[in-house]
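Q: If you scroll down you'll find the structure; I have some questions about it.
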Amino acid sequence: MVPDGYKNQLGVERVISSPVKDKVIMTRKSKTLLFSGFKWILALIVAFIILFPIWWIFESSITPAGELFSKPVKYFPEHPTLASYQYLIDNVGLLPKIRDTLIIVGATLIVSTVVSIMAAYGFARFKSKGLALAVSALLGSMLIPDVVTARPLYEFLQKVGLYDTYTGLIIVYTSGILPFTILILQNFLKDIPSTIEEAAAIDGCGFFQTMFFVILPLLRPAIATVCIVNFISCLNNFFTPLFYSNGISVLATAITQLPLRDNMYSIPWDLVSAMGFLIIFPIIIFVSIFQRQIMEGIIAGGVKG
């Protein structure tokens with residue numbers, strides 16, 4: 001019987017591999033490869049489930065209307081065209097809708113982020129019964145459906161002259177996302193020790209210097225995360241611009257202005273697909289650019305201590 005190892009004349013131990021040990025190593029490698037292969041297959045399945053609907057919307061948007069319902073089903077258009085997008089630009093006013101969307105969503109993100117940072121800092125750093133009641137009221141406001149407050153808010157905006165204005169829509173958009181944003185940033189601020197601010201004060205930093213050069217850099221992952229979530233929420237918001245505006249139209253409501261073909265029951269699926277893809281595309285680009293910040297925000301929010 002050959003031992004697993006022995007020492008030569010110089011006293012150096014030499015290891016002799018046995019068939020049993022080689023078999024164990026091969027078994028471990030096989031399990032590792034099998035597990036890696038399973039993970040890749042699962043990832044491909046999930047990616048297909050997520051990406052196929054997006055591809056189907058894009059494919060339908062560049063397929064001529066007469067070929068959309070051809071049989072057998074074609075997953076790649078034979079005669080791709082951008083006629084649907086050109087029609088939206090020429091007849092549906094696509095460019096003004098994109099402009100209105102950028103103005104409203106961009107201003108909403110800026111205002112909501114600034115207000116949320118200040119409110120979250122106050123809730124996280126100061127303690128009083130009044131602030132506790134304010135946080136409770138903030139949580140309670142998230143439970144109220146938008147439909148419940150629609151009519152009184154509609155009448156209020158008409159009386160103050162903010163109905164169908166950029167300012168009115170920005171206020172409504174901002175009020176809708178403030179509770180979520182404040183609560184998320186408050187949780188992040190609670191994890192930042194106040195001793196950091198005390199050290200900055202000892203070094204001669206004022207309040208605003210501490211906020212800009214100490215707190216905000218630490219909050220960057222959280223701010224990026226809430227901005228991305230709010231961007232998607234604002235872009236997908238259908239009820240607010242439809243109910244509180246008439247002349248201002250954003251991409252989310254533009255789908256209601258698409259002309260019908262032939263009769264009232266004929267839906268222009270090529271135009272619907274083109275408009276749907278235009279709504280999805282900015283979200284894809286936004287998330288692709290800031291995916292690192294999203295992951296940092298999720299990890300920072302999940303790790304406590």
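By convention in this document, the chains of the structure tokens carry letters A, B, ... by their order, each chain's residues are numbered from 1, and ligands are numbered from 1 in the order they are shown.
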Run DSSP on the backbone and grab whatever in stretch 82-292 of chain A lands in helix (DSSP H, G or I); send it over as a tab-separated table (two decimals) with N, CA and C atoms, in the first residue's frame.
A:
chain	number	residue	atom	x	y	z
A	83	ALA	N	-41.93	54.34	-39.73
A	83	ALA	CA	-43.10	55.15	-40.08
A	83	ALA	C	-43.95	55.48	-38.87
A	84	SER	N	-44.01	54.58	-37.89
A	84	SER	CA	-44.82	54.83	-36.69
A	84	SER	C	-44.26	56.01	-35.91
A	85	TYR	N	-42.94	56.06	-35.76
A	85	TYR	CA	-42.32	57.16	-35.03
A	85	TYR	C	-42.46	58.47	-35.80
A	86	GLN	N	-42.34	58.41	-37.12
A	86	GLN	CA	-42.52	59.61	-37.92
A	86	GLN	C	-43.95	60.11	-37.83
A	87	TYR	N	-44.91	59.19	-37.79
A	87	TYR	CA	-46.32	59.58	-37.66
A	87	TYR	C	-46.56	60.27	-36.31
A	88	LEU	N	-45.94	59.75	-35.25
A	88	LEU	CA	-46.10	60.36	-33.93
A	88	LEU	C	-45.53	61.77	-33.91
A	89	ILE	N	-44.42	61.99	-34.62
A	89	ILE	CA	-43.81	63.32	-34.65
A	89	ILE	C	-44.66	64.30	-35.45
A	90	ASP	N	-45.20	63.84	-36.58
A	90	ASP	CA	-45.92	64.73	-37.48
A	90	ASP	C	-47.36	64.99	-37.07
A	91	ASN	N	-48.03	63.99	-36.49
A	91	ASN	CA	-49.47	64.10	-36.27
A	91	ASN	C	-49.91	64.07	-34.81
A	94	LEU	N	-45.28	64.61	-30.89
A	94	LEU	CA	-44.39	63.87	-30.00
A	94	LEU	C	-43.34	64.76	-29.35
A	95	LEU	N	-42.74	65.65	-30.12
A	95	LEU	CA	-41.65	66.48	-29.58
A	95	LEU	C	-42.13	67.41	-28.46
A	96	PRO	N	-43.28	68.10	-28.58
A	96	PRO	CA	-43.77	68.89	-27.44
A	96	PRO	C	-44.06	68.04	-26.21
A	97	LYS	N	-44.51	66.81	-26.41
A	97	LYS	CA	-44.79	65.92	-25.27
A	97	LYS	C	-43.49	65.52	-24.57
A	98	ILE	N	-42.45	65.27	-25.34
A	98	ILE	CA	-41.15	64.97	-24.75
A	98	ILE	C	-40.63	66.18	-23.98
A	99	ARG	N	-40.81	67.38	-24.54
A	99	ARG	CA	-40.38	68.60	-23.86
A	99	ARG	C	-41.12	68.77	-22.54
A	100	ASP	N	-42.45	68.61	-22.55
A	100	ASP	CA	-43.23	68.76	-21.31
A	100	ASP	C	-42.83	67.71	-20.28
A	101	THR	N	-42.57	66.50	-20.74
A	101	THR	CA	-42.16	65.43	-19.82
A	101	THR	C	-40.84	65.76	-19.15
A	102	LEU	N	-39.87	66.23	-19.94
A	102	LEU	CA	-38.55	66.56	-19.38
A	102	LEU	C	-38.65	67.72	-18.39
A	103	ILE	N	-39.46	68.73	-18.70
A	103	ILE	CA	-39.60	69.88	-17.80
A	103	ILE	C	-40.21	69.44	-16.47
A	104	ILE	N	-41.31	68.71	-16.54
A	104	ILE	CA	-42.03	68.34	-15.32
A	104	ILE	C	-41.24	67.33	-14.49
A	105	VAL	N	-40.74	66.27	-15.14
A	105	VAL	CA	-40.01	65.24	-14.40
A	105	VAL	C	-38.69	65.79	-13.85
A	106	GLY	N	-37.97	66.57	-14.67
A	106	GLY	CA	-36.70	67.12	-14.20
A	106	GLY	C	-36.88	68.06	-13.02
A	107	ALA	N	-37.84	68.98	-13.10
A	107	ALA	CA	-38.08	69.90	-11.99
A	107	ALA	C	-38.57	69.15	-10.76
A	108	THR	N	-39.38	68.13	-10.95
A	108	THR	CA	-39.88	67.34	-9.81
A	108	THR	C	-38.74	66.65	-9.09
A	109	LEU	N	-37.81	66.07	-9.82
A	109	LEU	CA	-36.68	65.38	-9.19
A	109	LEU	C	-35.82	66.35	-8.41
A	110	ILE	N	-35.56	67.53	-8.96
A	110	ILE	CA	-34.72	68.51	-8.27
A	110	ILE	C	-35.40	69.01	-6.98
A	111	VAL	N	-36.65	69.42	-7.10
A	111	VAL	CA	-37.36	69.97	-5.94
A	111	VAL	C	-37.55	68.90	-4.86
A	112	SER	N	-37.99	67.71	-5.26
A	112	SER	CA	-38.25	66.65	-4.27
A	112	SER	C	-36.97	66.21	-3.57
A	113	THR	N	-35.85	66.17	-4.30
A	113	THR	CA	-34.59	65.75	-3.69
A	113	THR	C	-34.11	66.77	-2.66
A	114	VAL	N	-34.16	68.06	-3.01
A	114	VAL	CA	-33.71	69.10	-2.08
A	114	VAL	C	-34.58	69.13	-0.83
A	115	VAL	N	-35.90	69.13	-1.01
A	115	VAL	CA	-36.81	69.18	0.13
A	115	VAL	C	-36.68	67.92	0.99
A	116	SER	N	-36.54	66.77	0.34
A	116	SER	CA	-36.46	65.50	1.08
A	116	SER	C	-35.19	65.42	1.92
A	117	ILE	N	-34.07	65.91	1.39
A	117	ILE	CA	-32.82	65.88	2.15
A	117	ILE	C	-32.95	66.72	3.42
A	118	MET	N	-33.51	67.92	3.28
A	118	MET	CA	-33.65	68.78	4.46
A	118	MET	C	-34.61	68.19	5.48
A	119	ALA	N	-35.76	67.67	5.01
A	119	ALA	CA	-36.74	67.08	5.93
A	119	ALA	C	-36.19	65.82	6.58
A	120	ALA	N	-35.52	64.97	5.80
A	120	ALA	CA	-34.97	63.72	6.35
A	120	ALA	C	-33.89	64.01	7.38
A	121	TYR	N	-33.08	65.04	7.14
A	121	TYR	CA	-32.05	65.40	8.12
A	121	TYR	C	-32.68	65.85	9.44
A	122	GLY	N	-33.73	66.65	9.34
A	122	GLY	CA	-34.41	67.08	10.55
A	122	GLY	C	-35.05	65.93	11.31
A	123	PHE	N	-35.68	65.01	10.60
A	123	PHE	CA	-36.32	63.87	11.25
A	123	PHE	C	-35.28	62.92	11.88
A	124	ALA	N	-34.10	62.81	11.24
A	124	ALA	CA	-33.10	61.86	11.72
A	124	ALA	C	-32.26	62.41	12.86
A	125	ARG	N	-32.03	63.73	12.88
A	125	ARG	CA	-31.09	64.30	13.85
A	125	ARG	C	-31.77	64.93	15.07
A	129	LYS	N	-41.73	65.37	20.20
A	129	LYS	CA	-43.05	64.79	19.97
A	129	LYS	C	-43.67	65.32	18.67
A	130	GLY	N	-43.40	66.59	18.38
A	130	GLY	CA	-43.92	67.16	17.14
A	130	GLY	C	-43.36	66.49	15.91
A	131	LEU	N	-42.05	66.22	15.92
A	131	LEU	CA	-41.43	65.53	14.78
A	131	LEU	C	-41.94	64.10	14.66
A	132	ALA	N	-42.16	63.44	15.80
A	132	ALA	CA	-42.70	62.08	15.76
A	132	ALA	C	-44.10	62.06	15.15
A	133	LEU	N	-44.91	63.06	15.49
A	133	LEU	CA	-46.24	63.16	14.89
A	133	LEU	C	-46.14	63.47	13.40
A	134	ALA	N	-45.15	64.28	13.02
A	134	ALA	CA	-44.97	64.60	11.60
A	134	ALA	C	-44.60	63.36	10.80
A	135	VAL	N	-43.73	62.52	11.37
A	135	VAL	CA	-43.35	61.27	10.69
A	135	VAL	C	-44.56	60.35	10.57
A	136	SER	N	-45.37	60.27	11.63
A	136	SER	CA	-46.58	59.45	11.58
A	136	SER	C	-47.55	59.96	10.51
A	137	ALA	N	-47.70	61.28	10.45
A	137	ALA	CA	-48.57	61.86	9.42
A	137	ALA	C	-48.03	61.57	8.02
A	138	LEU	N	-46.71	61.58	7.89
A	138	LEU	CA	-46.08	61.28	6.60
A	138	LEU	C	-46.37	59.85	6.19
A	139	LEU	N	-46.24	58.93	7.15
A	139	LEU	CA	-46.57	57.53	6.85
A	139	LEU	C	-48.04	57.37	6.51
A	140	GLY	N	-48.90	58.08	7.26
A	140	GLY	CA	-50.33	57.97	6.99
A	140	GLY	C	-50.72	58.50	5.63
A	141	SER	N	-50.02	59.55	5.16
A	141	SER	CA	-50.35	60.10	3.84
A	141	SER	C	-50.06	59.12	2.71
A	146	ASP	N	-54.64	58.22	-4.40
A	146	ASP	CA	-54.70	59.49	-5.12
A	146	ASP	C	-56.12	59.87	-5.52
A	147	VAL	N	-56.96	58.87	-5.75
A	147	VAL	CA	-58.34	59.15	-6.17
A	147	VAL	C	-59.12	59.87	-5.08
A	148	VAL	N	-58.80	59.59	-3.81
A	148	VAL	CA	-59.53	60.19	-2.70
A	148	VAL	C	-59.30	61.71	-2.65
A	149	THR	N	-58.09	62.13	-2.91
A	149	THR	CA	-57.75	63.56	-2.84
A	149	THR	C	-57.85	64.26	-4.19
A	150	ALA	N	-58.30	63.56	-5.22
A	150	ALA	CA	-58.28	64.12	-6.57
A	150	ALA	C	-59.20	65.33	-6.70
A	151	ARG	N	-60.46	65.19	-6.27
A	151	ARG	CA	-61.41	66.28	-6.48
A	151	ARG	C	-61.06	67.53	-5.66
A	152	PRO	N	-60.81	67.43	-4.34
A	152	PRO	CA	-60.44	68.67	-3.62
A	152	PRO	C	-59.16	69.31	-4.13
A	153	LEU	N	-58.20	68.50	-4.54
A	153	LEU	CA	-56.97	69.06	-5.08
A	153	LEU	C	-57.21	69.71	-6.43
A	154	TYR	N	-58.09	69.12	-7.21
A	154	TYR	CA	-58.46	69.69	-8.51
A	154	TYR	C	-59.10	71.06	-8.32
A	155	GLU	N	-60.05	71.17	-7.38
A	155	GLU	CA	-60.72	72.44	-7.12
A	155	GLU	C	-59.74	73.48	-6.56
A	156	PHE	N	-58.81	73.02	-5.72
A	156	PHE	CA	-57.82	73.94	-5.17
A	156	PHE	C	-56.93	74.51	-6.26
A	157	LEU	N	-56.46	73.67	-7.17
A	157	LEU	CA	-55.59	74.14	-8.24
A	157	LEU	C	-56.33	75.11	-9.15
A	158	GLN	N	-57.62	74.89	-9.37
A	158	GLN	CA	-58.39	75.83	-10.20
A	158	GLN	C	-58.55	77.18	-9.51
A	159	LYS	N	-58.79	77.17	-8.20
A	159	LYS	CA	-59.01	78.43	-7.48
A	159	LYS	C	-57.74	79.27	-7.41
A	166	TYR	N	-47.36	74.16	-15.55
A	166	TYR	CA	-46.19	73.38	-15.16
A	166	TYR	C	-46.01	73.42	-13.64
A	167	THR	N	-46.23	74.58	-13.05
A	167	THR	CA	-46.04	74.71	-11.60
A	167	THR	C	-47.00	73.81	-10.83
A	168	GLY	N	-48.26	73.81	-11.24
A	168	GLY	CA	-49.24	72.96	-10.56
A	168	GLY	C	-48.91	71.49	-10.68
A	169	LEU	N	-48.53	71.05	-11.87
A	169	LEU	CA	-48.18	69.64	-12.05
A	169	LEU	C	-46.93	69.26	-11.26
A	170	ILE	N	-45.95	70.15	-11.23
A	170	ILE	CA	-44.73	69.87	-10.47
A	170	ILE	C	-45.05	69.73	-8.99
A	171	ILE	N	-45.93	70.60	-8.47
A	171	ILE	CA	-46.32	70.51	-7.06
A	171	ILE	C	-47.02	69.19	-6.78
A	172	VAL	N	-47.93	68.78	-7.65
A	172	VAL	CA	-48.65	67.52	-7.44
A	172	VAL	C	-47.71	66.32	-7.55
A	173	TYR	N	-46.85	66.32	-8.56
A	173	TYR	CA	-45.87	65.24	-8.70
A	173	TYR	C	-44.98	65.16	-7.46
A	174	THR	N	-44.48	66.32	-7.02
A	174	THR	CA	-43.56	66.35	-5.88
A	174	THR	C	-44.23	65.87	-4.61
A	175	SER	N	-45.46	66.32	-4.37
A	175	SER	CA	-46.18	65.88	-3.16
A	175	SER	C	-46.43	64.39	-3.16
A	176	GLY	N	-46.52	63.80	-4.34
A	176	GLY	CA	-46.77	62.36	-4.40
A	176	GLY	C	-45.56	61.51	-4.06
A	177	ILE	N	-44.35	62.01	-4.35
A	177	ILE	CA	-43.16	61.20	-4.11
A	177	ILE	C	-42.38	61.62	-2.86
A	178	LEU	N	-42.77	62.74	-2.24
A	178	LEU	CA	-42.04	63.21	-1.06
A	178	LEU	C	-42.06	62.22	0.10
A	179	PRO	N	-43.20	61.65	0.50
A	179	PRO	CA	-43.17	60.75	1.66
A	179	PRO	C	-42.21	59.59	1.50
A	180	PHE	N	-42.23	58.93	0.35
A	180	PHE	CA	-41.32	57.79	0.12
A	180	PHE	C	-39.87	58.25	0.16
A	181	THR	N	-39.57	59.36	-0.50
A	181	THR	CA	-38.19	59.84	-0.57
A	181	THR	C	-37.67	60.23	0.81
A	182	ILE	N	-38.49	60.92	1.59
A	182	ILE	CA	-38.06	61.35	2.92
A	182	ILE	C	-37.79	60.16	3.82
A	183	LEU	N	-38.65	59.17	3.79
A	183	LEU	CA	-38.47	58.01	4.66
A	183	LEU	C	-37.22	57.22	4.29
A	184	ILE	N	-36.95	57.08	2.99
A	184	ILE	CA	-35.74	56.35	2.57
A	184	ILE	C	-34.49	57.10	3.00
A	185	LEU	N	-34.43	58.40	2.75
A	185	LEU	CA	-33.25	59.17	3.13
A	185	LEU	C	-33.10	59.25	4.64
A	186	GLN	N	-34.19	59.28	5.36
A	186	GLN	CA	-34.12	59.31	6.82
A	186	GLN	C	-33.46	58.04	7.36
A	187	ASN	N	-33.82	56.90	6.79
A	187	ASN	CA	-33.20	55.63	7.23
A	187	ASN	C	-31.70	55.62	6.95
A	188	PHE	N	-31.28	56.18	5.82
A	188	PHE	CA	-29.86	56.25	5.52
A	188	PHE	C	-29.14	57.20	6.48
A	189	LEU	N	-29.77	58.33	6.79
A	189	LEU	CA	-29.14	59.30	7.69
A	189	LEU	C	-28.99	58.75	9.10
A	190	LYS	N	-29.91	57.91	9.51
A	190	LYS	CA	-29.81	57.32	10.85
A	190	LYS	C	-28.57	56.43	10.97
A	195	THR	N	-21.16	61.62	15.15
A	195	THR	CA	-19.79	61.99	15.52
A	195	THR	C	-19.01	62.54	14.32
A	196	ILE	N	-19.40	62.13	13.12
A	196	ILE	CA	-18.74	62.67	11.92
A	196	ILE	C	-19.01	64.17	11.81
A	197	GLU	N	-20.24	64.58	12.08
A	197	GLU	CA	-20.57	65.99	12.04
A	197	GLU	C	-19.87	66.75	13.16
A	198	GLU	N	-19.76	66.13	14.33
A	198	GLU	CA	-19.06	66.78	15.43
A	198	GLU	C	-17.59	66.98	15.10
A	199	ALA	N	-16.99	65.98	14.45
A	199	ALA	CA	-15.59	66.12	14.05
A	199	ALA	C	-15.42	67.23	13.02
A	200	ALA	N	-16.39	67.35	12.08
A	200	ALA	CA	-16.33	68.42	11.10
A	200	ALA	C	-16.47	69.79	11.76
A	201	ALA	N	-17.35	69.87	12.78
A	201	ALA	CA	-17.52	71.14	13.50
A	201	ALA	C	-16.25	71.53	14.24
A	202	ILE	N	-15.56	70.53	14.82
A	202	ILE	CA	-14.29	70.81	15.51
A	202	ILE	C	-13.25	71.35	14.52
A	207	PHE	N	-22.57	74.64	9.35
A	207	PHE	CA	-23.65	73.68	9.06
A	207	PHE	C	-23.71	73.35	7.58
A	208	PHE	N	-23.70	74.37	6.73
A	208	PHE	CA	-23.83	74.12	5.29
A	208	PHE	C	-22.59	73.44	4.73
A	209	GLN	N	-21.41	73.78	5.25
A	209	GLN	CA	-20.20	73.08	4.81
A	209	GLN	C	-20.26	71.60	5.19
A	210	THR	N	-20.77	71.31	6.37
A	210	THR	CA	-20.92	69.92	6.80
A	210	THR	C	-21.90	69.17	5.90
A	211	MET	N	-23.00	69.84	5.55
A	211	MET	CA	-24.01	69.21	4.70
A	211	MET	C	-23.44	68.92	3.32
A	212	PHE	N	-22.73	69.89	2.73
A	212	PHE	CA	-22.27	69.74	1.35
A	212	PHE	C	-21.05	68.84	1.22
A	213	PHE	N	-20.14	68.90	2.18
A	213	PHE	CA	-18.86	68.21	2.04
A	213	PHE	C	-18.75	66.94	2.89
A	214	VAL	N	-19.70	66.72	3.79
A	214	VAL	CA	-19.64	65.52	4.64
A	214	VAL	C	-20.87	64.64	4.45
A	215	ILE	N	-22.05	65.22	4.65
A	215	ILE	CA	-23.28	64.42	4.62
A	215	ILE	C	-23.66	64.01	3.19
A	216	LEU	N	-23.68	64.96	2.27
A	216	LEU	CA	-24.12	64.65	0.90
A	216	LEU	C	-23.25	63.60	0.21
A	217	PRO	N	-21.92	63.64	0.33
A	217	PRO	CA	-21.14	62.54	-0.28
A	217	PRO	C	-21.48	61.17	0.29
A	218	LEU	N	-21.79	61.10	1.59
A	218	LEU	CA	-22.18	59.83	2.18
A	218	LEU	C	-23.57	59.41	1.74
A	219	LEU	N	-24.40	60.38	1.40
A	219	LEU	CA	-25.78	60.09	0.97
A	219	LEU	C	-25.88	59.84	-0.53
A	220	ARG	N	-24.78	59.95	-1.25
A	220	ARG	CA	-24.84	59.85	-2.71
A	220	ARG	C	-25.51	58.56	-3.22
A	221	PRO	N	-25.17	57.37	-2.68
A	221	PRO	CA	-25.88	56.17	-3.16
A	221	PRO	C	-27.38	56.23	-2.90
A	222	ALA	N	-27.78	56.74	-1.73
A	222	ALA	CA	-29.20	56.83	-1.41
A	222	ALA	C	-29.91	57.83	-2.31
A	223	ILE	N	-29.27	58.97	-2.56
A	223	ILE	CA	-29.87	59.99	-3.42
A	223	ILE	C	-30.04	59.46	-4.84
A	224	ALA	N	-29.01	58.75	-5.34
A	224	ALA	CA	-29.10	58.18	-6.69
A	224	ALA	C	-30.22	57.15	-6.76
A	225	THR	N	-30.37	56.34	-5.73
A	225	THR	CA	-31.40	55.31	-5.73
A	225	THR	C	-32.79	55.92	-5.76
A	226	VAL	N	-33.05	56.89	-4.87
A	226	VAL	CA	-34.40	57.48	-4.83
A	226	VAL	C	-34.68	58.29	-6.09
A	227	CYS	N	-33.66	58.92	-6.68
A	227	CYS	CA	-33.87	59.66	-7.92
A	227	CYS	C	-34.28	58.72	-9.05
A	228	ILE	N	-33.64	57.57	-9.12
A	228	ILE	CA	-33.99	56.61	-10.17
A	228	ILE	C	-35.39	56.08	-9.97
A	229	VAL	N	-35.72	55.72	-8.72
A	229	VAL	CA	-37.08	55.21	-8.44
A	229	VAL	C	-38.12	56.29	-8.73
A	230	ASN	N	-37.84	57.53	-8.33
A	230	ASN	CA	-38.79	58.63	-8.57
A	230	ASN	C	-38.90	58.95	-10.05
A	231	PHE	N	-37.79	58.85	-10.77
A	231	PHE	CA	-37.83	59.09	-12.22
A	231	PHE	C	-38.76	58.10	-12.90
A	232	ILE	N	-38.62	56.83	-12.54
A	232	ILE	CA	-39.50	55.81	-13.13
A	232	ILE	C	-40.94	56.04	-12.73
A	233	SER	N	-41.17	56.39	-11.46
A	233	SER	CA	-42.52	56.63	-10.98
A	233	SER	C	-43.17	57.81	-11.69
A	234	CYS	N	-42.43	58.90	-11.86
A	234	CYS	CA	-42.98	60.08	-12.54
A	234	CYS	C	-43.24	59.81	-14.01
A	235	LEU	N	-42.34	59.09	-14.64
A	235	LEU	CA	-42.50	58.82	-16.07
A	235	LEU	C	-43.70	57.91	-16.33
A	236	ASN	N	-44.00	57.02	-15.39
A	236	ASN	CA	-45.11	56.09	-15.54
A	236	ASN	C	-46.43	56.62	-14.98
A	239	PHE	N	-52.28	59.01	-14.03
A	239	PHE	CA	-53.45	59.68	-13.47
A	239	PHE	C	-53.23	61.17	-13.29
A	240	THR	N	-52.09	61.56	-12.73
A	240	THR	CA	-51.85	62.97	-12.39
A	240	THR	C	-51.90	63.89	-13.61
A	241	PRO	N	-51.13	63.66	-14.67
A	241	PRO	CA	-51.21	64.59	-15.82
A	241	PRO	C	-52.54	64.52	-16.56
A	242	LEU	N	-53.20	63.37	-16.50
A	242	LEU	CA	-54.48	63.24	-17.19
A	242	LEU	C	-55.58	64.02	-16.48
A	243	PHE	N	-55.52	64.08	-15.13
A	243	PHE	CA	-56.60	64.68	-14.34
A	243	PHE	C	-56.36	66.17	-14.07
A	244	TYR	N	-55.10	66.57	-13.92
A	244	TYR	CA	-54.81	67.94	-13.49
A	244	TYR	C	-54.31	68.83	-14.62
A	251	LEU	N	-45.70	62.07	-22.02
A	251	LEU	CA	-45.66	60.80	-22.75
A	251	LEU	C	-46.62	59.77	-22.18
A	252	ALA	N	-46.82	59.78	-20.85
A	252	ALA	CA	-47.67	58.77	-20.23
A	252	ALA	C	-49.12	58.89	-20.69
A	253	THR	N	-49.57	60.11	-20.97
A	253	THR	CA	-50.96	60.30	-21.40
A	253	THR	C	-51.11	60.40	-22.91
A	254	ALA	N	-50.00	60.44	-23.63
A	254	ALA	CA	-50.08	60.60	-25.08
A	254	ALA	C	-50.75	59.42	-25.75
A	255	ILE	N	-50.73	58.27	-25.08
A	255	ILE	CA	-51.32	57.07	-25.68
A	255	ILE	C	-52.83	57.22	-25.82
A	256	THR	N	-53.44	58.09	-25.00
A	256	THR	CA	-54.88	58.31	-25.11
A	256	THR	C	-55.24	59.20	-26.29
A	257	GLN	N	-54.26	59.83	-26.93
A	257	GLN	CA	-54.51	60.75	-28.03
A	257	GLN	C	-54.19	60.13	-29.38
A	269	TRP	N	-52.01	49.26	-33.19
A	269	TRP	CA	-51.03	48.63	-32.31
A	269	TRP	C	-49.60	49.06	-32.65
A	270	ASP	N	-49.35	49.41	-33.89
A	270	ASP	CA	-48.00	49.87	-34.24
A	270	ASP	C	-47.69	51.20	-33.56
A	271	LEU	N	-48.67	52.12	-33.53
A	271	LEU	CA	-48.48	53.40	-32.85
A	271	LEU	C	-48.44	53.24	-31.34
A	272	VAL	N	-49.28	52.35	-30.82
A	272	VAL	CA	-49.27	52.08	-29.38
A	272	VAL	C	-47.92	51.51	-28.96
A	273	SER	N	-47.39	50.60	-29.76
A	273	SER	CA	-46.09	50.00	-29.45
A	273	SER	C	-44.98	51.03	-29.52
A	274	ALA	N	-45.04	51.91	-30.52
A	274	ALA	CA	-44.02	52.96	-30.64
A	274	ALA	C	-44.06	53.90	-29.44
A	275	MET	N	-45.26	54.30	-29.02
A	275	MET	CA	-45.37	55.18	-27.87
A	275	MET	C	-44.93	54.47	-26.59
A	276	GLY	N	-45.29	53.19	-26.46
A	276	GLY	CA	-44.86	52.43	-25.29
A	276	GLY	C	-43.35	52.29	-25.21
A	277	PHE	N	-42.71	52.05	-26.36
A	277	PHE	CA	-41.26	51.92	-26.35
A	277	PHE	C	-40.58	53.25	-26.02
A	278	LEU	N	-41.16	54.36	-26.46
A	278	LEU	CA	-40.59	55.67	-26.14
A	278	LEU	C	-40.67	55.95	-24.64
A	279	ILE	N	-41.67	55.40	-23.96
A	279	ILE	CA	-41.77	55.56	-22.51
A	279	ILE	C	-40.78	54.65	-21.80
A	280	ILE	N	-40.58	53.44	-22.32
A	280	ILE	CA	-39.68	52.48	-21.68
A	280	ILE	C	-38.22	52.83	-21.92
A	281	PHE	N	-37.89	53.34	-23.09
A	281	PHE	CA	-36.50	53.54	-23.48
A	281	PHE	C	-35.73	54.45	-22.53
A	282	PRO	N	-36.27	55.62	-22.11
A	282	PRO	CA	-35.51	56.44	-21.15
A	282	PRO	C	-35.25	55.73	-19.84
A	283	ILE	N	-36.20	54.90	-19.40
A	283	ILE	CA	-36.00	54.16	-18.16
A	283	ILE	C	-34.85	53.18	-18.30
A	284	ILE	N	-34.78	52.50	-19.43
A	284	ILE	CA	-33.69	51.54	-19.67
A	284	ILE	C	-32.35	52.26	-19.66
A	285	ILE	N	-32.26	53.39	-20.35
A	285	ILE	CA	-31.01	54.15	-20.41
A	285	ILE	C	-30.64	54.67	-19.03
A	286	PHE	N	-31.60	55.20	-18.30
A	286	PHE	CA	-31.35	55.78	-16.99
A	286	PHE	C	-30.83	54.72	-16.03
A	287	VAL	N	-31.47	53.56	-16.02
A	287	VAL	CA	-31.04	52.49	-15.12
A	287	VAL	C	-29.69	51.92	-15.55
A	288	SER	N	-29.44	51.82	-16.86
A	288	SER	CA	-28.15	51.30	-17.34
A	288	SER	C	-27.00	52.21	-16.92
A	289	ILE	N	-27.22	53.52	-16.95
A	289	ILE	CA	-26.16	54.46	-16.59
A	289	ILE	C	-25.90	54.44	-15.09
A	291	GLN	N	-26.77	52.07	-12.79
A	291	GLN	CA	-26.97	50.77	-12.13
A	291	GLN	C	-26.00	50.57	-10.97
A	292	ARG	N	-24.80	51.13	-11.07
A	292	ARG	CA	-23.85	51.00	-9.97
A	292	ARG	C	-24.36	51.71	-8.73
Q: Report, in Å with one decimal, the straight-line distance from atom CA of A:Gly247 to atom CA of A:Tyr163.
A: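 Distance reported for this atom pair: 10.0 Å.
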Q: Quick one: pull the distance between atom CA of A:Ile62 and atom CA of A:Pro77, Å, one decimal.
A: 7.4 Å
